[in-house]
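Here is input.txt, consisting of compact mmCIF, C-alpha atoms:
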```
# COMPACT_ATOMS: atom_id res chain seq x y z
CA MET A 1 14.14 -4.81 18.78
CA ALA A 2 16.85 -3.98 16.25
CA PRO A 3 16.46 -5.67 12.86
CA THR A 4 18.81 -8.50 11.96
CA VAL A 5 21.30 -7.28 9.39
CA ASP A 6 20.92 -8.96 6.01
CA GLN A 7 24.29 -9.38 4.28
CA ALA A 8 22.68 -8.13 1.05
CA TRP A 9 22.47 -4.66 2.63
CA LEU A 10 26.27 -4.54 2.76
CA GLU A 11 27.35 -6.21 -0.46
CA PRO A 12 28.17 -4.51 -3.77
CA THR A 13 26.05 -5.04 -6.86
CA ALA A 14 26.43 -4.07 -10.51
CA PHE A 15 24.67 -0.77 -9.71
CA ILE A 16 25.43 -0.25 -6.01
CA GLU A 17 29.20 -0.41 -6.50
CA SER A 18 30.22 -0.15 -2.86
CA ASP A 19 33.59 -1.79 -3.60
CA GLN A 20 34.48 0.43 -6.56
CA PRO A 21 37.67 2.39 -5.69
CA ASP A 22 36.34 5.83 -6.59
CA VAL A 23 33.17 5.25 -4.59
CA VAL A 24 35.16 3.98 -1.61
CA ASN A 25 37.53 6.95 -1.75
CA PHE A 26 34.60 9.37 -1.98
CA ALA A 27 32.96 7.86 1.08
CA ARG A 28 36.17 7.84 3.08
CA ARG A 29 36.94 11.44 2.18
CA VAL A 30 33.46 12.65 3.11
CA THR A 31 33.48 10.81 6.45
CA ASP A 32 37.09 11.57 7.35
CA GLU A 33 36.14 13.55 10.48
CA ALA A 34 33.22 11.33 11.52
CA SER A 35 33.77 9.16 14.59
CA THR A 36 30.50 7.19 14.64
CA SER A 37 28.30 5.44 12.09
CA MET A 38 25.63 8.10 12.59
CA GLU A 39 28.09 10.90 11.92
CA GLN A 40 29.19 9.04 8.80
CA ALA A 41 25.59 8.67 7.61
CA ILE A 42 24.89 12.36 8.17
CA ALA A 43 28.04 13.42 6.33
CA LEU A 44 27.25 11.16 3.38
CA PHE A 45 23.67 12.44 3.19
CA TYR A 46 24.72 16.07 2.83
CA ALA A 47 27.58 15.27 0.47
CA VAL A 48 25.23 13.54 -1.97
CA ARG A 49 22.34 15.99 -1.48
CA ASP A 50 24.43 19.02 -2.38
CA GLY A 51 27.22 17.51 -4.45
CA TRP A 52 25.00 16.80 -7.46
CA ARG A 53 22.53 19.25 -8.96
CA TYR A 54 19.00 17.92 -9.37
CA ASP A 55 18.17 17.31 -13.03
CA PRO A 56 15.00 15.28 -13.71
CA TYR A 57 15.44 15.70 -17.48
CA GLY A 58 18.85 14.06 -17.63
CA LEU A 59 17.17 10.70 -18.00
CA ASP A 60 19.68 8.24 -19.42
CA THR A 61 18.04 4.81 -19.28
CA THR A 62 21.10 2.75 -20.22
CA PRO A 63 22.20 0.42 -17.41
CA ASP A 64 25.62 2.05 -17.10
CA ALA A 65 23.98 5.37 -16.18
CA PHE A 66 22.75 3.78 -12.95
CA ARG A 67 26.16 2.59 -11.74
CA ALA A 68 27.40 4.43 -8.66
CA SER A 69 30.83 5.16 -10.18
CA VAL A 70 29.25 6.74 -13.27
CA ILE A 71 26.93 8.86 -11.13
CA LEU A 72 29.88 9.90 -8.98
CA ALA A 73 31.75 11.17 -12.05
CA GLY A 74 28.88 13.46 -13.10
CA SER A 75 27.69 16.81 -11.77
CA ALA A 76 23.90 16.41 -11.97
CA ALA A 77 21.42 13.59 -11.42
CA TRP A 78 17.83 12.85 -10.49
CA CYS A 79 16.47 11.13 -7.40
CA THR A 80 17.23 7.49 -8.22
CA PRO A 81 20.88 7.87 -9.28
CA LYS A 82 21.59 10.06 -6.24
CA SER A 83 20.01 7.40 -4.03
CA ILE A 84 22.13 4.71 -5.63
CA LEU A 85 25.27 6.72 -4.89
CA LEU A 86 24.32 7.32 -1.24
CA THR A 87 23.44 3.65 -0.80
CA ALA A 88 26.75 2.53 -2.31
CA ALA A 89 28.76 5.00 -0.24
CA ALA A 90 27.03 3.89 2.95
CA ARG A 91 27.68 0.21 2.24
CA SER A 92 31.32 0.97 1.55
CA MET A 93 31.56 2.35 5.11
CA GLY A 94 29.91 -0.73 6.60
CA ILE A 95 26.51 0.92 7.04
CA PRO A 96 23.67 -1.41 5.95
CA ALA A 97 21.73 0.31 3.18
CA ARG A 98 19.13 -0.37 0.52
CA LEU A 99 16.93 1.50 -1.96
CA GLY A 100 13.37 2.61 -1.33
CA PHE A 101 10.80 3.74 -3.87
CA ALA A 102 7.44 5.51 -3.82
CA ASP A 103 5.10 7.31 -6.19
CA VAL A 104 4.75 11.00 -5.36
CA ARG A 105 2.43 13.71 -6.64
CA ASN A 106 4.02 17.09 -7.25
CA HIS A 107 1.37 19.72 -6.52
CA LEU A 108 3.71 22.51 -7.67
CA SER A 109 4.66 21.09 -11.05
CA SER A 110 4.09 23.43 -13.97
CA GLN A 111 1.40 22.93 -16.58
CA LYS A 112 4.18 22.56 -19.16
CA LEU A 113 5.73 19.67 -17.27
CA GLN A 114 2.34 18.04 -16.70
CA ASP A 115 1.52 18.33 -20.40
CA THR A 116 4.82 16.71 -21.32
CA MET A 117 4.67 13.96 -18.74
CA GLY A 118 0.94 13.45 -19.10
CA THR A 119 0.58 13.56 -15.31
CA ASP A 120 1.76 15.27 -12.14
CA LEU A 121 2.65 11.87 -10.69
CA PHE A 122 6.30 10.94 -10.36
CA ILE A 123 6.47 7.16 -10.19
CA TRP A 124 9.41 5.29 -8.72
CA HIS A 125 10.74 8.27 -6.77
CA GLY A 126 13.93 6.90 -5.26
CA TYR A 127 15.46 7.41 -1.84
CA SER A 128 17.98 5.58 0.34
CA GLU A 129 17.31 3.57 3.46
CA LEU A 130 20.18 3.41 5.96
CA LEU A 131 20.27 1.21 9.04
CA VAL A 132 22.10 3.11 11.78
CA ASP A 133 22.15 2.28 15.50
CA GLY A 134 19.43 -0.31 14.99
CA GLN A 135 17.01 2.03 13.22
CA TRP A 136 16.09 2.46 9.56
CA PHE A 137 16.15 6.00 8.15
CA LYS A 138 14.58 6.96 4.82
CA LEU A 139 16.69 9.66 3.15
CA SER A 140 15.86 11.59 -0.01
CA THR A 141 18.84 13.45 -1.48
CA ALA A 142 17.06 14.61 -4.64
CA PHE A 143 16.96 18.41 -4.17
CA ASN A 144 20.27 20.23 -3.65
CA ILE A 145 20.37 23.24 -1.32
CA GLU A 146 20.81 25.82 -4.10
CA LEU A 147 17.67 24.61 -5.84
CA CYS A 148 15.65 24.73 -2.64
CA GLU A 149 16.78 28.27 -1.86
CA ARG A 150 15.96 29.42 -5.38
CA PHE A 151 12.36 28.21 -5.21
CA GLY A 152 11.52 28.68 -1.55
CA VAL A 153 11.38 24.97 -0.79
CA LYS A 154 12.54 23.75 2.61
CA PRO A 155 15.69 21.65 2.13
CA LEU A 156 15.60 18.17 3.57
CA GLU A 157 17.72 17.82 6.69
CA PHE A 158 19.06 14.75 8.48
CA ASP A 159 20.32 14.86 12.06
CA GLY A 160 19.93 11.21 12.98
CA THR A 161 16.59 11.59 14.74
CA GLY A 162 14.16 10.99 11.88
CA ASP A 163 13.62 10.46 8.17
CA ALA A 164 14.42 13.02 5.48
CA LEU A 165 11.55 12.67 3.01
CA LEU A 166 10.02 15.18 0.59
CA HIS A 167 8.11 18.00 2.28
CA PRO A 168 4.31 18.09 1.91
CA PHE A 169 4.37 21.93 1.83
CA ASP A 170 6.72 24.65 0.60
CA GLN A 171 7.83 27.57 2.77
CA SER A 172 4.75 29.59 1.75
CA GLY A 173 2.36 26.86 2.88
CA ASN A 174 1.50 25.61 -0.61
CA ARG A 175 1.01 21.87 -1.05
CA HIS A 176 4.12 20.38 -2.61
CA MET A 177 4.93 16.67 -2.52
CA GLU A 178 2.43 13.95 -1.61
CA TYR A 179 3.41 10.30 -1.18
CA VAL A 180 0.59 8.34 -2.79
CA ASN A 181 2.02 4.83 -3.14
CA GLN A 182 4.88 2.99 -1.45
CA ARG A 183 6.67 0.53 -3.75
CA GLY A 184 8.85 -0.92 -1.02
CA SER A 185 12.49 -1.56 -0.24
CA PHE A 186 15.00 -3.20 -2.57
CA ASP A 187 18.47 -4.66 -2.05
CA ASP A 188 19.36 -3.68 -5.62
CA LEU A 189 17.94 -1.47 -8.35
CA PRO A 190 14.87 -3.06 -10.05
CA LEU A 191 15.78 -1.36 -13.32
CA ASP A 192 13.74 -3.45 -15.75
CA GLU A 193 10.52 -3.08 -13.76
CA MET A 194 11.09 0.63 -13.22
CA LEU A 195 11.74 1.39 -16.91
CA SER A 196 8.80 -0.75 -18.00
CA ASN A 197 6.51 1.30 -15.77
CA PHE A 198 8.07 4.55 -17.06
CA THR A 199 7.18 3.73 -20.66
CA GLU A 200 3.61 2.90 -19.61
CA VAL A 201 3.05 6.13 -17.66
CA TYR A 202 5.13 8.76 -19.49
CA PRO A 203 4.26 9.29 -23.16
CA TYR A 204 7.46 11.19 -23.96
CA MET A 205 9.53 8.07 -23.29
CA THR A 206 7.88 6.24 -26.15
CA SER A 207 7.42 9.25 -28.45
CA GLY A 208 11.12 10.07 -28.55
CA THR A 209 10.56 13.69 -27.48
CA ARG A 210 12.49 15.29 -24.64
CA PRO A 211 10.73 17.28 -21.90
CA GLY A 212 13.22 20.16 -22.06
CA SER A 213 16.47 21.51 -20.69
CA ALA A 214 17.87 21.19 -17.20
CA VAL A 215 16.99 24.82 -16.48
CA GLU A 216 13.40 24.25 -17.57
CA ALA A 217 13.35 21.17 -15.40
CA GLU A 218 14.23 23.17 -12.30
CA ASP A 219 11.58 25.77 -13.08
CA SER A 220 8.81 23.31 -13.83
CA ALA A 221 9.59 21.04 -10.90
CA PHE A 222 8.86 23.78 -8.40
CA THR A 223 6.52 26.29 -9.98
CA SER A 224 2.85 26.12 -10.89
```
As structure tokens, what does this structure read like?
Amino acid sequence: MAPTVDQAWLEPTAFIESDQPDVVNFARRVTDEASTSMEQAIALFYAVRDGWRYDPYGLDTTPDAFRASVILAGSAAWCTPKSILLTAAARSMGIPARLGFADVRNHLSSQKLQDTMGTDLFIWHGYSELLVDGQWFKLSTAFNIELCERFGVKPLEFDGTGDALLHPFDQSGNRHMEYVNQRGSFDDLPLDEMLSNFTEVYPYMTSGTRPGSAVEAEDSAFTS
């Protein structure tokens, strides 16, 4: 039985700016040749996955940094901002969408990154949830195709038949990402709760130090 559509999955918020003109124009441009909601969802997934380079060190915690229009104007982002943008773009096309979060363990993170973060656990990993043809799909757009090719990680694909979540193994068979805790689905970004947990888990956020550059981030996110 298809889920009843909650109006909250279609409405704009201060972060999921599905009515913001630039976001609307982006979504319309990306889906210009799509004739069904599924084709629209697929086109939006790939546009967000590859249109913004993954940068886990570009962590701006000001509220404005999590607005879809601000993310759209940039060239790099981490998992949660990219998920916000996909969710906003989907809503702007009339596709019910929300945010999903989980804690994941990165088995390929470098010792340097673990020392900085104090853990190999990435809490509040963000992804989008899109309701298409009566079915929810969980879609992670974090890692762009160039990054995956550089480090031998299988890129996430979405063809409308299943979820696109982080791979448990890389292309060499090494353990990569492990989902260890599901935080649930959210109609809007729970920013205060997320940042509060960040400061509890990651010492660098309270020490004032920065983990490193974007290039170092790419290296340490995929190498041991």
* To do: Tell me, in Å to one decimal, how far atom CA of A:Pro190 is from atom CA of A:Ala2.
  =>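 Result for atom CA of A:Pro190 versus atom CA of A:Ala2: 26.4 Å, one decimal.
Once stretch 128-131 of chain A and its same-chain neighbours fewer than 2 positions away are set aside, A:Ser83, A:Leu86, A:Thr87, A:Ile95, A:Pro96, A:Ala97, A:Arg98, A:Leu99, A:Gly100, A:Asp133, A:Gly134, A:Gln135, A:Trp136, A:Phe137, A:Lys138, A:Leu139, A:Ser140 remain within 7 Å of it when counting all atoms listed in the file.
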Selection: 8 Å around A:Thr31, only C-alpha atoms, excl. self and same-chain fewer than 2 positions, as a short mmCIF file (atom, residue, chain, number, x, y, z; two decimals) with C-alpha atoms, in the coordinates of the input:
```
data_model
loop_
_atom_site.label_atom_id
_atom_site.label_comp_id
_atom_site.auth_asym_id
_atom_site.auth_seq_id
_atom_site.Cartn_x
_atom_site.Cartn_y
_atom_site.Cartn_z
CA ALA A 27 32.96 7.86 1.08
CA ARG A 28 36.17 7.84 3.08
CA ARG A 29 36.94 11.44 2.18
CA GLU A 33 36.14 13.55 10.48
CA ALA A 34 33.22 11.33 11.52
CA GLU A 39 28.09 10.90 11.92
CA GLN A 40 29.19 9.04 8.80
CA ALA A 43 28.04 13.42 6.33
CA LEU A 44 27.25 11.16 3.38
#
```
* Can you work out which one of A:Thr13, A:Thr61, A:Asn106, A:Thr36 has the shortest atom-to-atom distance to A:Arg175, counting only C-alpha atoms? => A:Asn106
For stretch 127-180 of chain A versus stretch 45-52 of chain A, which residues have an atom no more than 9 Å away, and what is each residue's nearest atom pair and distance in Å rounded to one decimal, using only C-alpha atoms, chain-then-number order, as a Markdown table?
```
| residue | atom | partner | partner_atom | distance |
| --- | --- | --- | --- | --- |
| A:Leu139 | CA | A:Phe45 | CA | 7.5 |
| A:Ser140 | CA | A:Arg49 | CA | 8.0 |
| A:Thr141 | CA | A:Arg49 | CA | 4.3 |
| A:Ala142 | CA | A:Arg49 | CA | 6.3 |
| A:Phe143 | CA | A:Arg49 | CA | 6.5 |
| A:Asn144 | CA | A:Asp50 | CA | 4.5 |
| A:Ile145 | CA | A:Asp50 | CA | 6.0 |
| A:Glu146 | CA | A:Asp50 | CA | 7.9 |
| A:Leu156 | CA | A:Arg49 | CA | 8.7 |
| A:Glu157 | CA | A:Tyr46 | CA | 8.2 |
| A:Phe158 | CA | A:Phe45 | CA | 7.4 |
```
For stretch 105-109 of chain A, I'd like the enclosing box, axis-aligned and padded by 3 Å on every side, reported as lines of an AutoDock Vina configuration file with centre and edge lengths in Å to one decimal.
```
center_x = 3.0
center_y = 18.1
center_z = -8.8
size_x = 9.3
size_y = 14.8
size_z = 10.5
```
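Distance check against A:Phe186 using all atoms listed in the file: of A:Gly162, A:Gly74, A:Pro155, A:Gly126, the minimum falls on A:Gly126.
Atom CA of A:Tyr179 sits 29.2 Å away from atom CA of A:Gln7.
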* **For A:Pro63, the nearest of the candidates A:Asp19, A:Leu189, A:Ala102, A:Ala164, counting all atoms listed in the file** => A:Leu189
* Using atom CA of A:Asn174 and atom CA of A:Arg105 as the two end points, give the distance in Å to one decimal. =>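 A separation of 13.4 Å between them.
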* Compare A:Trp78, A:Phe169, A:Tyr202, A:Phe15 by their minimum atom-to-atom distance to A:His107, counting only C-alpha atoms, and give me the closest one. =>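 Looking only at the distances to A:His107, the closest residue turns out to be A:Phe169.
Distance check against A:Asn181 using all atoms listed in the file: of A:Met194, A:Ala77, A:Ile123, A:Ala65, the minimum falls on A:Ile123.
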Subset file as a PDB file, in the first residue's frame: stretch 98-114 of chain A, C-alpha atoms:
```
ATOM      1  CA  ARG A  98      12.543  14.516   3.187  1.00  0.00           C
ATOM      2  CA  LEU A  99      15.935  14.142   4.864  1.00  0.00           C
ATOM      3  CA  GLY A 100      17.314  10.947   6.352  1.00  0.00           C
ATOM      4  CA  PHE A 101      20.247  10.559   8.726  1.00  0.00           C
ATOM      5  CA  ALA A 102      22.418   7.722   9.994  1.00  0.00           C
ATOM      6  CA  ASP A 103      25.729   7.206  11.763  1.00  0.00           C
ATOM      7  CA  VAL A 104      28.282   5.446   9.561  1.00  0.00           C
ATOM      8  CA  ARG A 105      31.701   3.970  10.278  1.00  0.00           C
ATOM      9  CA  ASN A 106      34.354   4.612   7.646  1.00  0.00           C
ATOM     10  CA  HIS A 107      36.665   1.590   7.635  1.00  0.00           C
ATOM     11  CA  LEU A 108      38.966   3.259   5.093  1.00  0.00           C
ATOM     12  CA  SER A 109      39.500   6.554   6.894  1.00  0.00           C
ATOM     13  CA  SER A 110      43.125   7.486   7.431  1.00  0.00           C
ATOM     14  CA  GLN A 111      44.824   7.493  10.809  1.00  0.00           C
ATOM     15  CA  LYS A 112      45.306  11.243  10.407  1.00  0.00           C
ATOM     16  CA  LEU A 113      41.585  11.823  10.011  1.00  0.00           C
ATOM     17  CA  GLN A 114      40.781   9.497  12.912  1.00  0.00           C
TER      18      GLN A 114
END
```
